[in-house]
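One structure is given below, encoded as structure tokens.
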Number of protein chains: 2
Amino acid sequence: MSILINNVLLNHEIVDILIEGNKIVKVEKNIDAVVDTLIDGTDKAVIPGLINAHTHAAMTLFRGFADDMKLEAWLSEKIWPNEANLTEEYVYWGTRLACLEMIKSGTTLFHDMYWHTDPTIQAVIDSGIRGVISSVLFDSSSEEQGAALRQVALETLKKQHLNNRIQISIGPHAIYTNSRSMLQWAKKTADENNLLIHIHLSETKTEVENAKSLLGCTPVEYLEKIGILGENVVAAHCVWLTDHDLELLAKRDVKVVHNPASNMKLSSGISFRYNDLKAAGLTIGLGTDGCSSSNNLDMIEAMKLASLLSKASSEDPTSMSVQETMNLATVNGAKIFNINAGRVEVGCLADLCLVDLKRPDMVPNHNFLSNLIYSSNGSCVDTMICDGQVVMDHRQVKDEQQILEQAALCAEKLFYKS
Amino acid sequence: MSILINNVLLNHEIVDILIEGNKIVKVEKNIDAVVDTLIDGTDKAVIPGLINAHTHAAMTLFRGFADDMKLEAWLSEKIWPNEANLTEEYVYWGTRLACLEMIKSGTTLFHDMYWHTDPTIQAVIDSGIRGVISSVLFDSSSEEQGAALRQVALETLKKQHLNNRIQISIGPHAIYTNSRSMLQWAKKTADENNLLIHIHLSETKTEVENAKSLLGCTPVEYLEKIGILGENVVAAHCVWLTDHDLELLAKRDVKVVHNPASNMKLSSGISFRYNDLKAAGLTIGLGTDGCSSSNNLDMIEAMKLASLLSKASSEDPTSMSVQETMNLATVNGAKIFNINAGRVEVGCLADLCLVDLKRPDMVPNHNFLSNLIYSSNGSCVDTMICDGQVVMDHRQVKDEQQILEQAALCAEKLFYKS
């Protein structure tokens with residue numbers, strides 16, 4: 001399979017892009033090649049596929065089900081009781097809906113943590129994008145549940161080489177939902193299998209206060225003490241970091257994922273220390289979190305929120321410039337998941353999007369990246385290629401109507417008929 | 001002209017809507033009527049046209065021209081020197097672009113403050129939506145400029161009855177750019193002609209600190225002292241209010257406009273006291289501000305930002321619920337501009353939008369308003385009716401390509417060829 005994209009804006013130049021197999025093989029002017037698929041890039045800009053470094057994909061089914069609530073009541077009354085009724089069918093269609101939404105807003109890879117990894121993996125394969133899938137681990141409710149979830153994680157692990165668009169990671173939910181031995185099991189399993197660990201960390205003030213009172217230290221210090229921190233740890237949120245936490249994260253080269261929408265909507269906190277984390281040399285990715293909290297999977301909106309929140313909370317309008325913001329969602333994500341992507345360059349994976357420039361929010365074009373992040377939203381993505389395959393062509397995605405109908409039906413059955 | 005919309009979702013019911021002239025005359029099930037235009041509302045929801053209570057429309061030409069800068073350098077190096085070169089032609093096409101963008105994201109009325117009101121008014125008339133237009137007043141640079149701008153304001157005032165989609169307001173820019181006598185002239189002119197006054201107020205900490213040191217009081221106290229505050233004052237921003245300021249605004253029934261995007265992007269401040277203003281019974285509208293600062297005119301995005309910022313800054317996730325957020329952009333705006341709109345009800349102006357429900361970000365439909373505000377963005381608006389006329393039909397707007405081309409050309413001439 002080969003694709004030639006003609007006359008597309010890349011940075012400040014009009015170029016052609018040649019894709020062979022799943023790689024970008026040429027980026028230059030006037031490429032002459034016989035290809036399977038020719039795409040006209042006129043009035044389009046090309047960007048790398050975006051990387052959503054933290055979400056819970058199938059929670060699309062919970063979109064708009066419970067808003068404007070305090071976190072504790074939201075979790076205990078709305079989320080957990082309904083999650084208990086999830087079936088493989090619901091998770092499959094919830095994840096298909098998530099993938100559809102991500103395709104339509106420019107995301108080619110997402111990092112997931114959820115229940116029922118089999119249908120999640122199948123949905124990613126069927127959708128055409130990439131997923132790094134963690135089976136969630138909890139053992140705070142019972143040791144039996146912990147044992148069962150460890151078993152699911154081990155079964156999931158066997159899927160690591162099922163498809164080149166699938167990676168597996170190990171997903172201990174948080175320090176407050178897992179015993180020390182479970183966290184250490186997760187670390188050992190991840191290290192032995194060369195996998196990432198996906199965990200929520202220092203998301204709320206309550207989490208940090210409870211850790212201090214129950215464990216005598218911050219959540220980050222606790223993970224250091226029990227030997228979990230390391231370069232394969234992907235820590236979502238990290239809103240409430242002390243200076244010492246920051247030193248530990250930097251020393252262990254932990255990967256940090258910022259989730260501005262859910263941090264704001266759930267009032268988790270606005271003081272994500274972007275400038276300090278950057279100064280410490282940490283790799284920072286960007287995520288949307290799940291649709292239950294934030295309520296979409298639009299990484300272009302997430303970029304705007306991240307930049308605006310950084311400027312607002314630091315009282316410095318030069319904080320998180322447009323290029324830095326773009327890096328969070330592209331090159332930094334690629335570094336976290338160790339894939340040769342996040343850039344439109346020869347040798348990189350052919351994961352990219354064509355963005356429509358003939359829209360009011362893209363005019364005038366003084367600065368394309370500024371227009372993309374500050375002015376537009378996911379709807380500007382016209383065409384997506386992932387792993388060398390066209391997954392969206394002029395906003396048409398395979399099976400779209402069926403996915404919308406099936407996901408709506410699953411939500412109906414989950415919440416109102418079970 | 002009559003329009004019948006069939007089978008559309010309004011709140012939680014499927015209804016038909018009959019429009020005659022510029023009014024909604026029936027909202028009920030199964031309307032039987034012979035009409036000029038029949039619109040199929042299947043898989044659509046109807047919402048009132050949104051009201052953008054503070055912007056500078058023609059600043060679309062500045063979109064992306066200068067981001068990530070400190071306010072003072074941004075104004076003095078990038079904005080003011082280029083504004084001096086604006087022509088009537090540039091303002092016309094800049095405003096047409098703004099109206100196009102507003103139509104495509106659901107806004108039927110905007111409150112403008114800018115230079116060159118003649119082409120602004122013409123652009124609003126040609127676009128088919130409503131504008132409340134203030135000619136900006138400044139006299140801090142020179143008394144001659146002040147006199148000239150008063151003259152423009154008086155000429156603009158004569159257009160008050162030119163078209164039923166046009167209102168005029170009086171626009172003294174701010175206390176720090178106008179003398180006491182200019183502010184008092186604005187007040188007298190507005191009162192005598194039954195017009196609104198449009199002013200920036202307590203936008204930045206610097207504005208408040210300077211007022212305290214130069215005038216011995218806060219900006220709000222100063223306007224009270226010199227007799228400006230009143231129910232016809234529309235005060236944009238109001239980020240830095242003291243308790244006494246809040247009492248004065250409430251006592252005088254001043255209308256307040258929240259601009260979350262520009263307050264965040266320019267680091268003006270995050271502490272807009274929404275809950276306190278609401279408790280004091282003040283009417284609060286919502287605005288995008290101009291594209292030079294915030295960088296689009298999407299009121300659906302502005303609603304999400306307002307709600308998320310309120311939850312984040314108050315540390316209360318129940319703050320600014322989805323219905324309250326919708327009110328800011330609809331009924332509150334209608335109250336500020338004294339028009340019978342902001343609701344889809346019999347007797348109201350036929351200013352409304354049909355929103356597409358067959359999109360990933362609208363599925364499942366547990367709560368339509370939540371999906372609209374927290375999940376979607378302006379691109380969900382499929383059809384718009386303003387003043388009883390269809391101004392967008394399945395996302396097709398008259399003259400769209402010409403507007404994009406002409407606006408891009410004007411930006412080119414303004415910044416690079418003058």
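Lettering and numbering for the structure tokens are positional, with chains as A, B, ... in the shown order, residues counted from 1 in each chain, and ligands counted from 1 in the shown order.
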Could the residues of chain B that have an atom at most 6 Å from chain A be listed as JSON lines, each with its closest atom pair and the distance in Å to one decimal, counting only C-alpha atoms and ordered by chain and ascending residue number?
```
{"residue": "B:Gly64", "atom": "CA", "partner": "A:Ser370", "partner_atom": "CA", "distance": 5.4}
{"residue": "B:Phe65", "atom": "CA", "partner": "A:His366", "partner_atom": "CA", "distance": 5.5}
{"residue": "B:Asp68", "atom": "CA", "partner": "A:Thr318", "partner_atom": "CA", "distance": 4.4}
{"residue": "B:Met69", "atom": "CA", "partner": "A:Thr318", "partner_atom": "CA", "distance": 5.3}
{"residue": "B:Lys70", "atom": "CA", "partner": "A:Pro317", "partner_atom": "CA", "distance": 5.7}
{"residue": "B:Glu101", "atom": "CA", "partner": "A:Pro360", "partner_atom": "CA", "distance": 5.4}
{"residue": "B:Met264", "atom": "CA", "partner": "A:Ala312", "partner_atom": "CA", "distance": 4.6}
{"residue": "B:Lys265", "atom": "CA", "partner": "A:Leu308", "partner_atom": "CA", "distance": 5.0}
{"residue": "B:Leu266", "atom": "CA", "partner": "A:Pro317", "partner_atom": "CA", "distance": 5.2}
{"residue": "B:Ser267", "atom": "CA", "partner": "A:Ala312", "partner_atom": "CA", "distance": 4.6}
{"residue": "B:Asn295", "atom": "CA", "partner": "A:Ser375", "partner_atom": "CA", "distance": 5.0}
{"residue": "B:Asn296", "atom": "CA", "partner": "A:Ser375", "partner_atom": "CA", "distance": 4.8}
{"residue": "B:Leu308", "atom": "CA", "partner": "A:Lys265", "partner_atom": "CA", "distance": 5.0}
{"residue": "B:Lys311", "atom": "CA", "partner": "A:Ser267", "partner_atom": "CA", "distance": 5.5}
{"residue": "B:Ala312", "atom": "CA", "partner": "A:Met264", "partner_atom": "CA", "distance": 4.6}
{"residue": "B:Glu315", "atom": "CA", "partner": "A:Ser267", "partner_atom": "CA", "distance": 4.9}
{"residue": "B:Asp316", "atom": "CA", "partner": "A:Ser267", "partner_atom": "CA", "distance": 5.9}
{"residue": "B:Pro317", "atom": "CA", "partner": "A:Leu266", "partner_atom": "CA", "distance": 5.2}
{"residue": "B:Thr318", "atom": "CA", "partner": "A:Asp68", "partner_atom": "CA", "distance": 4.4}
{"residue": "B:Ser321", "atom": "CA", "partner": "A:Asp68", "partner_atom": "CA", "distance": 5.8}
{"residue": "B:Pro360", "atom": "CA", "partner": "A:Glu101", "partner_atom": "CA", "distance": 5.3}
{"residue": "B:Pro364", "atom": "CA", "partner": "A:Ala408", "partner_atom": "CA", "distance": 4.8}
{"residue": "B:His366", "atom": "CA", "partner": "A:Phe65", "partner_atom": "CA", "distance": 5.5}
{"residue": "B:Asn367", "atom": "CA", "partner": "A:Gly64", "partner_atom": "CA", "distance": 5.5}
{"residue": "B:Ser370", "atom": "CA", "partner": "A:Gly64", "partner_atom": "CA", "distance": 5.4}
{"residue": "B:Tyr374", "atom": "CA", "partner": "A:Asn295", "partner_atom": "CA", "distance": 5.7}
{"residue": "B:Ser375", "atom": "CA", "partner": "A:Asn296", "partner_atom": "CA", "distance": 4.9}
{"residue": "B:Ala408", "atom": "CA", "partner": "A:Pro364", "partner_atom": "CA", "distance": 4.8}
```
Generate a file of the selected residues that holds N, CA, C and O atoms, formatted as a compact mmCIF listing (two decimals), in the first residue's frame.
```txt
# COMPACT_ATOMS: atom_id res chain seq x y z
N GLY B 64 -4.25 34.98 15.60
CA GLY B 64 -2.96 34.29 15.50
C GLY B 64 -1.80 35.18 15.14
O GLY B 64 -0.68 34.69 14.93
N PHE B 65 -2.03 36.49 15.10
CA PHE B 65 -0.94 37.39 14.71
C PHE B 65 0.05 37.58 15.86
O PHE B 65 1.25 37.80 15.62
N ASP B 68 0.85 34.52 23.10
CA ASP B 68 1.84 34.13 24.10
C ASP B 68 2.73 35.31 24.48
O ASP B 68 3.96 35.18 24.62
N MET B 69 2.10 36.50 24.57
CA MET B 69 2.87 37.71 24.92
C MET B 69 2.28 38.36 26.16
O MET B 69 1.11 38.19 26.47
N LYS B 70 3.10 39.17 26.83
CA LYS B 70 2.61 39.98 27.95
C LYS B 70 1.68 41.05 27.38
O LYS B 70 1.92 41.61 26.30
N GLU B 101 -18.16 33.25 11.07
CA GLU B 101 -17.73 32.33 12.14
C GLU B 101 -18.82 32.21 13.21
O GLU B 101 -19.08 31.10 13.71
N MET B 264 -8.21 34.06 30.58
CA MET B 264 -7.20 33.02 30.78
C MET B 264 -5.99 33.24 29.87
O MET B 264 -4.86 33.23 30.32
N LYS B 265 -6.24 33.49 28.60
CA LYS B 265 -5.12 33.52 27.64
C LYS B 265 -4.19 34.69 27.91
O LYS B 265 -2.98 34.58 27.76
N LEU B 266 -4.76 35.86 28.30
CA LEU B 266 -3.93 37.03 28.60
C LEU B 266 -3.49 37.05 30.07
O LEU B 266 -2.88 38.00 30.51
N SER B 267 -3.83 35.98 30.81
CA SER B 267 -3.52 35.92 32.25
C SER B 267 -4.11 37.11 33.00
O SER B 267 -3.51 37.61 33.96
N ASN B 295 -8.99 32.94 20.65
CA ASN B 295 -8.79 33.54 19.35
C ASN B 295 -9.95 33.22 18.42
O ASN B 295 -9.77 33.28 17.21
N ASN B 296 -11.10 32.81 18.97
CA ASN B 296 -12.24 32.50 18.11
C ASN B 296 -13.51 33.12 18.68
O ASN B 296 -13.47 33.79 19.73
N LEU B 308 -16.03 25.35 33.29
CA LEU B 308 -14.84 24.68 33.83
C LEU B 308 -14.01 25.63 34.69
O LEU B 308 -13.51 25.24 35.75
N LYS B 311 -15.73 26.08 38.07
CA LYS B 311 -15.53 24.91 38.93
C LYS B 311 -14.09 24.86 39.46
O LYS B 311 -13.85 24.54 40.62
N ALA B 312 -13.14 25.17 38.58
CA ALA B 312 -11.73 25.08 38.98
C ALA B 312 -11.37 26.17 39.97
O ALA B 312 -10.74 25.90 40.99
N GLU B 315 -13.10 25.77 43.34
CA GLU B 315 -12.89 24.44 43.92
C GLU B 315 -14.21 23.76 44.26
O GLU B 315 -14.32 23.03 45.24
N ASP B 316 -15.23 24.03 43.44
CA ASP B 316 -16.55 23.45 43.66
C ASP B 316 -17.13 22.97 42.33
O ASP B 316 -17.54 23.78 41.49
N PRO B 317 -17.16 21.64 42.12
CA PRO B 317 -17.63 21.12 40.83
C PRO B 317 -19.11 21.34 40.57
O PRO B 317 -19.58 21.10 39.45
N THR B 318 -19.85 21.78 41.59
CA THR B 318 -21.28 22.06 41.36
C THR B 318 -21.48 23.50 40.87
O THR B 318 -22.58 23.88 40.50
N SER B 321 -23.62 25.25 36.86
CA SER B 321 -24.16 24.03 36.25
C SER B 321 -24.42 24.27 34.77
O SER B 321 -24.39 25.40 34.28
N PRO B 360 -20.43 11.81 17.01
CA PRO B 360 -19.88 11.07 18.16
C PRO B 360 -19.95 11.86 19.46
O PRO B 360 -20.24 11.28 20.51
N PRO B 364 -23.78 8.98 23.92
CA PRO B 364 -25.23 8.85 24.01
C PRO B 364 -25.87 10.17 24.46
O PRO B 364 -25.17 11.05 24.96
N HIS B 366 -27.73 11.22 27.05
CA HIS B 366 -28.28 11.23 28.41
C HIS B 366 -28.82 12.61 28.75
O HIS B 366 -29.80 12.76 29.46
N ASN B 367 -28.10 13.64 28.27
CA ASN B 367 -28.40 15.01 28.66
C ASN B 367 -27.92 15.92 27.53
O ASN B 367 -26.72 16.18 27.40
N SER B 370 -25.77 19.03 28.42
CA SER B 370 -24.41 18.64 28.82
C SER B 370 -23.58 18.31 27.59
O SER B 370 -22.43 18.75 27.47
N TYR B 374 -20.44 20.64 27.31
CA TYR B 374 -19.21 20.00 27.80
C TYR B 374 -18.54 19.13 26.74
O TYR B 374 -17.36 18.85 26.85
N SER B 375 -19.30 18.64 25.76
CA SER B 375 -18.71 17.67 24.85
C SER B 375 -18.49 18.24 23.45
O SER B 375 -17.50 17.93 22.81
N ALA B 408 -8.80 37.13 4.14
CA ALA B 408 -7.39 36.74 4.10
C ALA B 408 -6.58 37.81 3.36
O ALA B 408 -5.48 38.20 3.80
```
Name the residues in contact with B:Asp356 at a cut-off of 10 Å, using only C-alpha atoms, excluding same-chain residues fewer than 5 positions from it; report them as a PyMOL selection string.
chain B and resi 41-46+362+372+379-383+394
Using only C-alpha atoms, the shortest atom-to-atom distance to A:Val239 among A:Glu207, A:Glu72, A:Asp36, A:Glu77 belongs to A:Glu207
Backbone-only DSSP, strand (DSSP E) members of stretch 21-178 of chain A, as a VMD selection string
chain A and resid 23 to 28 37 to 40 44 to 48 50 to 55 107 to 114 130 to 137 166 to 172
Export, as a short mmCIF file (atom, residue, chain, number, x, y, z; two decimals), in the first residue's frame, the selected residues with N, CA and C atoms.
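Result written to result-v4.cif:
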```
data_model
loop_
_atom_site.label_atom_id
_atom_site.label_comp_id
_atom_site.auth_asym_id
_atom_site.auth_seq_id
_atom_site.Cartn_x
_atom_site.Cartn_y
_atom_site.Cartn_z
N LYS A 23 5.12 3.59 6.76
CA LYS A 23 6.13 4.62 7.01
C LYS A 23 6.06 5.80 6.03
N ILE A 24 6.50 6.95 6.52
CA ILE A 24 6.71 8.10 5.64
C ILE A 24 8.08 7.91 4.99
N VAL A 25 8.14 7.87 3.66
CA VAL A 25 9.43 7.60 3.01
C VAL A 25 10.01 8.82 2.28
N LYS A 26 9.17 9.78 1.94
CA LYS A 26 9.70 11.01 1.31
C LYS A 26 8.85 12.20 1.74
N VAL A 27 9.51 13.32 2.01
CA VAL A 27 8.81 14.59 2.24
C VAL A 27 9.59 15.63 1.46
N GLU A 28 9.09 15.98 0.28
CA GLU A 28 9.79 16.98 -0.52
C GLU A 28 8.83 17.57 -1.56
N THR A 37 -2.89 5.18 -3.73
CA THR A 37 -3.86 6.21 -3.36
C THR A 37 -3.21 7.59 -3.47
N LEU A 38 -3.90 8.48 -4.19
CA LEU A 38 -3.42 9.84 -4.36
C LEU A 38 -4.37 10.76 -3.59
N ILE A 39 -3.81 11.61 -2.74
CA ILE A 39 -4.64 12.53 -1.94
C ILE A 39 -4.23 13.96 -2.28
N ASP A 40 -5.23 14.77 -2.59
CA ASP A 40 -4.96 16.18 -2.90
C ASP A 40 -4.90 16.97 -1.60
N LYS A 44 -4.99 22.27 2.59
CA LYS A 44 -4.91 21.47 3.82
C LYS A 44 -3.52 21.66 4.44
N ALA A 45 -3.44 21.48 5.74
CA ALA A 45 -2.14 21.40 6.42
C ALA A 45 -2.00 19.99 6.98
N VAL A 46 -0.77 19.51 7.09
CA VAL A 46 -0.56 18.18 7.67
C VAL A 46 -0.01 18.34 9.08
N ILE A 47 -0.54 17.54 9.98
CA ILE A 47 -0.01 17.49 11.36
C ILE A 47 0.19 16.02 11.73
N PRO A 48 1.08 15.77 12.70
CA PRO A 48 1.20 14.39 13.19
C PRO A 48 -0.11 13.96 13.85
N LEU A 50 -2.39 12.93 16.75
CA LEU A 50 -2.24 13.35 18.14
C LEU A 50 -2.25 12.14 19.07
N ILE A 51 -1.62 12.29 20.22
CA ILE A 51 -1.45 11.18 21.16
C ILE A 51 -2.11 11.53 22.49
N ASN A 52 -3.17 10.80 22.79
CA ASN A 52 -3.95 11.01 24.02
C ASN A 52 -3.39 10.08 25.09
N ALA A 53 -2.62 10.63 26.01
CA ALA A 53 -1.81 9.81 26.91
C ALA A 53 -2.55 9.30 28.15
N HIS A 54 -3.80 9.68 28.31
CA HIS A 54 -4.57 9.14 29.45
C HIS A 54 -6.06 9.27 29.19
N THR A 55 -6.73 8.12 29.07
CA THR A 55 -8.19 8.16 28.97
C THR A 55 -8.76 6.82 29.44
N THR A 107 -6.81 12.09 16.72
CA THR A 107 -5.97 11.26 17.59
C THR A 107 -5.70 9.89 16.96
N THR A 108 -4.43 9.53 16.86
CA THR A 108 -4.06 8.24 16.28
C THR A 108 -3.62 7.22 17.32
N LEU A 109 -3.33 7.68 18.55
CA LEU A 109 -2.93 6.73 19.60
C LEU A 109 -3.52 7.18 20.93
N PHE A 110 -4.07 6.24 21.69
CA PHE A 110 -4.53 6.60 23.03
C PHE A 110 -4.07 5.57 24.05
N HIS A 111 -3.95 6.04 25.28
CA HIS A 111 -3.54 5.21 26.40
C HIS A 111 -4.75 5.01 27.29
N ASP A 112 -5.17 3.75 27.40
CA ASP A 112 -6.44 3.44 28.03
C ASP A 112 -6.23 2.73 29.37
N MET A 113 -7.13 2.94 30.29
CA MET A 113 -7.19 2.13 31.51
C MET A 113 -8.65 1.83 31.77
N TYR A 114 -9.01 0.52 31.69
CA TYR A 114 -10.42 0.23 31.93
C TYR A 114 -10.64 -1.26 32.16
N ARG A 130 -4.28 3.32 17.02
CA ARG A 130 -3.42 2.60 17.97
C ARG A 130 -3.95 2.74 19.40
N GLY A 131 -3.80 1.69 20.17
CA GLY A 131 -4.16 1.75 21.58
C GLY A 131 -3.08 1.13 22.45
N VAL A 132 -2.79 1.79 23.55
CA VAL A 132 -1.95 1.19 24.59
C VAL A 132 -2.91 0.90 25.74
N ILE A 133 -3.14 -0.38 25.98
CA ILE A 133 -4.29 -0.81 26.78
C ILE A 133 -3.85 -1.37 28.13
N SER A 134 -4.32 -0.74 29.20
CA SER A 134 -4.09 -1.35 30.52
C SER A 134 -5.39 -1.89 31.07
N SER A 135 -5.30 -3.08 31.60
CA SER A 135 -6.38 -3.65 32.37
C SER A 135 -6.26 -3.07 33.77
N VAL A 136 -7.35 -2.50 34.27
CA VAL A 136 -7.27 -1.79 35.55
C VAL A 136 -7.04 -2.77 36.70
N LEU A 137 -6.24 -2.37 37.67
CA LEU A 137 -5.99 -3.17 38.89
C LEU A 137 -6.49 -2.43 40.12
N ILE A 166 -1.38 -2.40 18.66
CA ILE A 166 -1.74 -2.62 20.07
C ILE A 166 -0.47 -2.74 20.92
N GLN A 167 -0.44 -2.00 22.03
CA GLN A 167 0.54 -2.25 23.09
C GLN A 167 -0.24 -2.51 24.37
N ILE A 168 0.37 -3.22 25.28
CA ILE A 168 -0.26 -3.47 26.58
C ILE A 168 0.53 -2.72 27.66
N SER A 169 -0.16 -2.13 28.61
CA SER A 169 0.52 -1.60 29.80
C SER A 169 -0.17 -2.16 31.04
N ILE A 170 0.43 -1.92 32.20
CA ILE A 170 -0.10 -2.47 33.45
C ILE A 170 -0.73 -1.32 34.23
N GLY A 171 -1.99 -1.48 34.65
CA GLY A 171 -2.75 -0.33 35.13
C GLY A 171 -3.23 -0.34 36.58
N PRO A 172 -2.32 -0.29 37.56
CA PRO A 172 -2.80 -0.13 38.94
C PRO A 172 -3.47 1.23 39.07
#
```
Where in stretch 252-308 of chain A does DSSP assign alpha helix (DSSP H), given as a ChimeraX atom specification?
/A:260-265,274-279,291-294,299-308
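Counting only C-alpha atoms, the residue from A:Arg343, A:Arg273, A:His116, A:Lys78 that sits nearest to A:Asp243 is A:Arg273.
Note that atom CA of A:Asn178 and atom CA of A:Asp139 are 5.1 Å apart.
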Shortest interatomic distance to B:Gly388 - which of B:Lys159, B:Ala350, B:Gly230, B:Val344, counting only C-alpha atoms:
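Ranked by minimum distance to B:Gly388, first place goes to B:Ala350.
Coordinates place atom CA of B:Asn259 at a distance of 14.4 Å from atom CA of B:Ala57.
The coordinates place atom CA of A:Thr283 at 14.7 Å from atom CA of A:His198.
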Contacts of B:Leu183 at 12 Å (only C-alpha atoms; same-chain gap of 5+ positions) as a ChimeraX atom specification
/B:136-140,146,150,170-178,188-190,197-199,222-229,233
Those residues with C-alpha atoms, as a PDB file, in the first residue's frame please?
```
ATOM      1  CA  VAL B 136     -15.042  53.000  20.550  1.00  0.00           C
ATOM      2  CA  LEU B 137     -14.233  56.147  22.565  1.00  0.00           C
ATOM      3  CA  PHE B 138     -10.690  57.060  23.691  1.00  0.00           C
ATOM      4  CA  ASP B 139      -9.299  60.453  24.634  1.00  0.00           C
ATOM      5  CA  SER B 140      -6.247  59.569  26.691  1.00  0.00           C
ATOM      6  CA  GLY B 146     -11.458  62.300  21.619  1.00  0.00           C
ATOM      7  CA  ARG B 150     -17.299  61.612  19.766  1.00  0.00           C
ATOM      8  CA  ILE B 170     -21.924  53.912  23.350  1.00  0.00           C
ATOM      9  CA  GLY B 171     -18.435  52.478  23.838  1.00  0.00           C
ATOM     10  CA  PRO B 172     -16.028  54.304  26.152  1.00  0.00           C
ATOM     11  CA  HIS B 173     -13.137  51.798  26.063  1.00  0.00           C
ATOM     12  CA  ALA B 174     -12.158  51.877  29.753  1.00  0.00           C
ATOM     13  CA  ILE B 175     -11.481  54.256  32.619  1.00  0.00           C
ATOM     14  CA  TYR B 176      -7.751  54.320  31.876  1.00  0.00           C
ATOM     15  CA  THR B 177      -8.207  55.391  28.257  1.00  0.00           C
ATOM     16  CA  ASN B 178     -10.855  58.065  28.852  1.00  0.00           C
ATOM     17  CA  LYS B 188     -25.258  61.584  29.052  1.00  0.00           C
ATOM     18  CA  THR B 189     -25.415  60.563  25.377  1.00  0.00           C
ATOM     19  CA  ALA B 190     -26.482  57.038  26.258  1.00  0.00           C
ATOM     20  CA  ILE B 197     -22.905  51.873  27.523  1.00  0.00           C
ATOM     21  CA  HIS B 198     -20.233  49.299  26.643  1.00  0.00           C
ATOM     22  CA  ILE B 199     -17.043  49.458  28.717  1.00  0.00           C
ATOM     23  CA  TYR B 222     -14.677  55.694  40.342  1.00  0.00           C
ATOM     24  CA  LEU B 223     -17.533  55.090  37.879  1.00  0.00           C
ATOM     25  CA  GLU B 224     -19.985  55.324  40.787  1.00  0.00           C
ATOM     26  CA  LYS B 225     -18.398  58.552  42.009  1.00  0.00           C
ATOM     27  CA  ILE B 226     -18.625  60.285  38.627  1.00  0.00           C
ATOM     28  CA  GLY B 227     -22.190  59.113  38.037  1.00  0.00           C
ATOM     29  CA  ILE B 228     -21.727  56.522  35.306  1.00  0.00           C
ATOM     30  CA  LEU B 229     -23.039  53.302  36.879  1.00  0.00           C
ATOM     31  CA  VAL B 233     -24.005  49.899  31.689  1.00  0.00           C
TER      32      VAL B 233
END
```
Non-local contacts of A:Leu286 (6 Å; only C-alpha atoms; under 2 positions in same chain excluded) as a PyMOL selection string
chain A and resi 53+257-258+328-329
Using only C-alpha atoms, find the one residue out of B:Glu345, B:Val234, B:Asp351, B:Tyr274 that sits nearest to B:Glu324.
B:Tyr274
Find the spatial neighbours of B:Ala341, counting only C-alpha atoms, within a cut-off of 9 Å - ignore same-chain residues fewer than 6 positions away - and output them as a list in words.
Pro48, Gly49, Thr330, Val331, Gly333, Ala334, Lys335, Cys348, Leu349, Ala350, Asp351 and Leu352 of chain B
Would you pick out the contacts of B:Asp245 at 7 Å or less, using only C-alpha atoms, so that residues sharing its chain but fewer than 3 positions from it are not included, and give the list as a short mmCIF file (atom, residue, chain, number, x, y, z; two decimals) with all heavy atoms, in the first residue's frame?
```cif
data_model
loop_
_atom_site.label_atom_id
_atom_site.label_comp_id
_atom_site.auth_asym_id
_atom_site.auth_seq_id
_atom_site.Cartn_x
_atom_site.Cartn_y
_atom_site.Cartn_z
N VAL B 220 -14.55 50.52 39.73
CA VAL B 220 -16.01 50.53 39.92
C VAL B 220 -16.42 51.72 40.80
O VAL B 220 -17.38 52.44 40.49
CB VAL B 220 -16.49 49.19 40.55
CG1 VAL B 220 -17.97 49.25 40.89
CG2 VAL B 220 -16.21 48.02 39.60
N GLU B 221 -15.68 51.93 41.88
CA GLU B 221 -15.98 53.07 42.77
C GLU B 221 -15.85 54.40 42.01
O GLU B 221 -16.65 55.32 42.21
CB GLU B 221 -15.04 53.06 43.97
CG GLU B 221 -15.34 51.93 44.96
CD GLU B 221 -14.23 51.68 45.97
OE1 GLU B 221 -13.09 52.18 45.76
OE2 GLU B 221 -14.47 50.95 46.95
N LEU B 241 -13.04 42.28 41.36
CA LEU B 241 -14.04 43.05 42.11
C LEU B 241 -13.85 42.87 43.62
O LEU B 241 -13.73 41.75 44.11
CB LEU B 241 -15.45 42.59 41.74
CG LEU B 241 -15.86 42.73 40.28
CD1 LEU B 241 -17.29 42.22 40.10
CD2 LEU B 241 -15.75 44.17 39.80
N THR B 242 -13.90 43.99 44.34
CA THR B 242 -13.95 43.92 45.80
C THR B 242 -15.42 43.70 46.21
O THR B 242 -16.33 43.83 45.39
CB THR B 242 -13.49 45.23 46.43
OG1 THR B 242 -14.41 46.26 46.03
CG2 THR B 242 -12.08 45.61 45.97
N LEU B 248 -21.88 47.85 44.75
CA LEU B 248 -22.23 48.99 43.87
C LEU B 248 -22.83 48.50 42.56
O LEU B 248 -23.83 49.04 42.08
CB LEU B 248 -20.98 49.82 43.57
CG LEU B 248 -20.41 50.63 44.74
CD1 LEU B 248 -19.07 51.26 44.34
CD2 LEU B 248 -21.41 51.72 45.16
N LEU B 249 -22.23 47.47 41.97
CA LEU B 249 -22.74 46.94 40.69
C LEU B 249 -24.17 46.44 40.88
O LEU B 249 -25.04 46.65 40.02
CB LEU B 249 -21.85 45.81 40.17
CG LEU B 249 -20.42 46.20 39.75
CD1 LEU B 249 -19.63 44.95 39.33
CD2 LEU B 249 -20.42 47.23 38.62
#
```
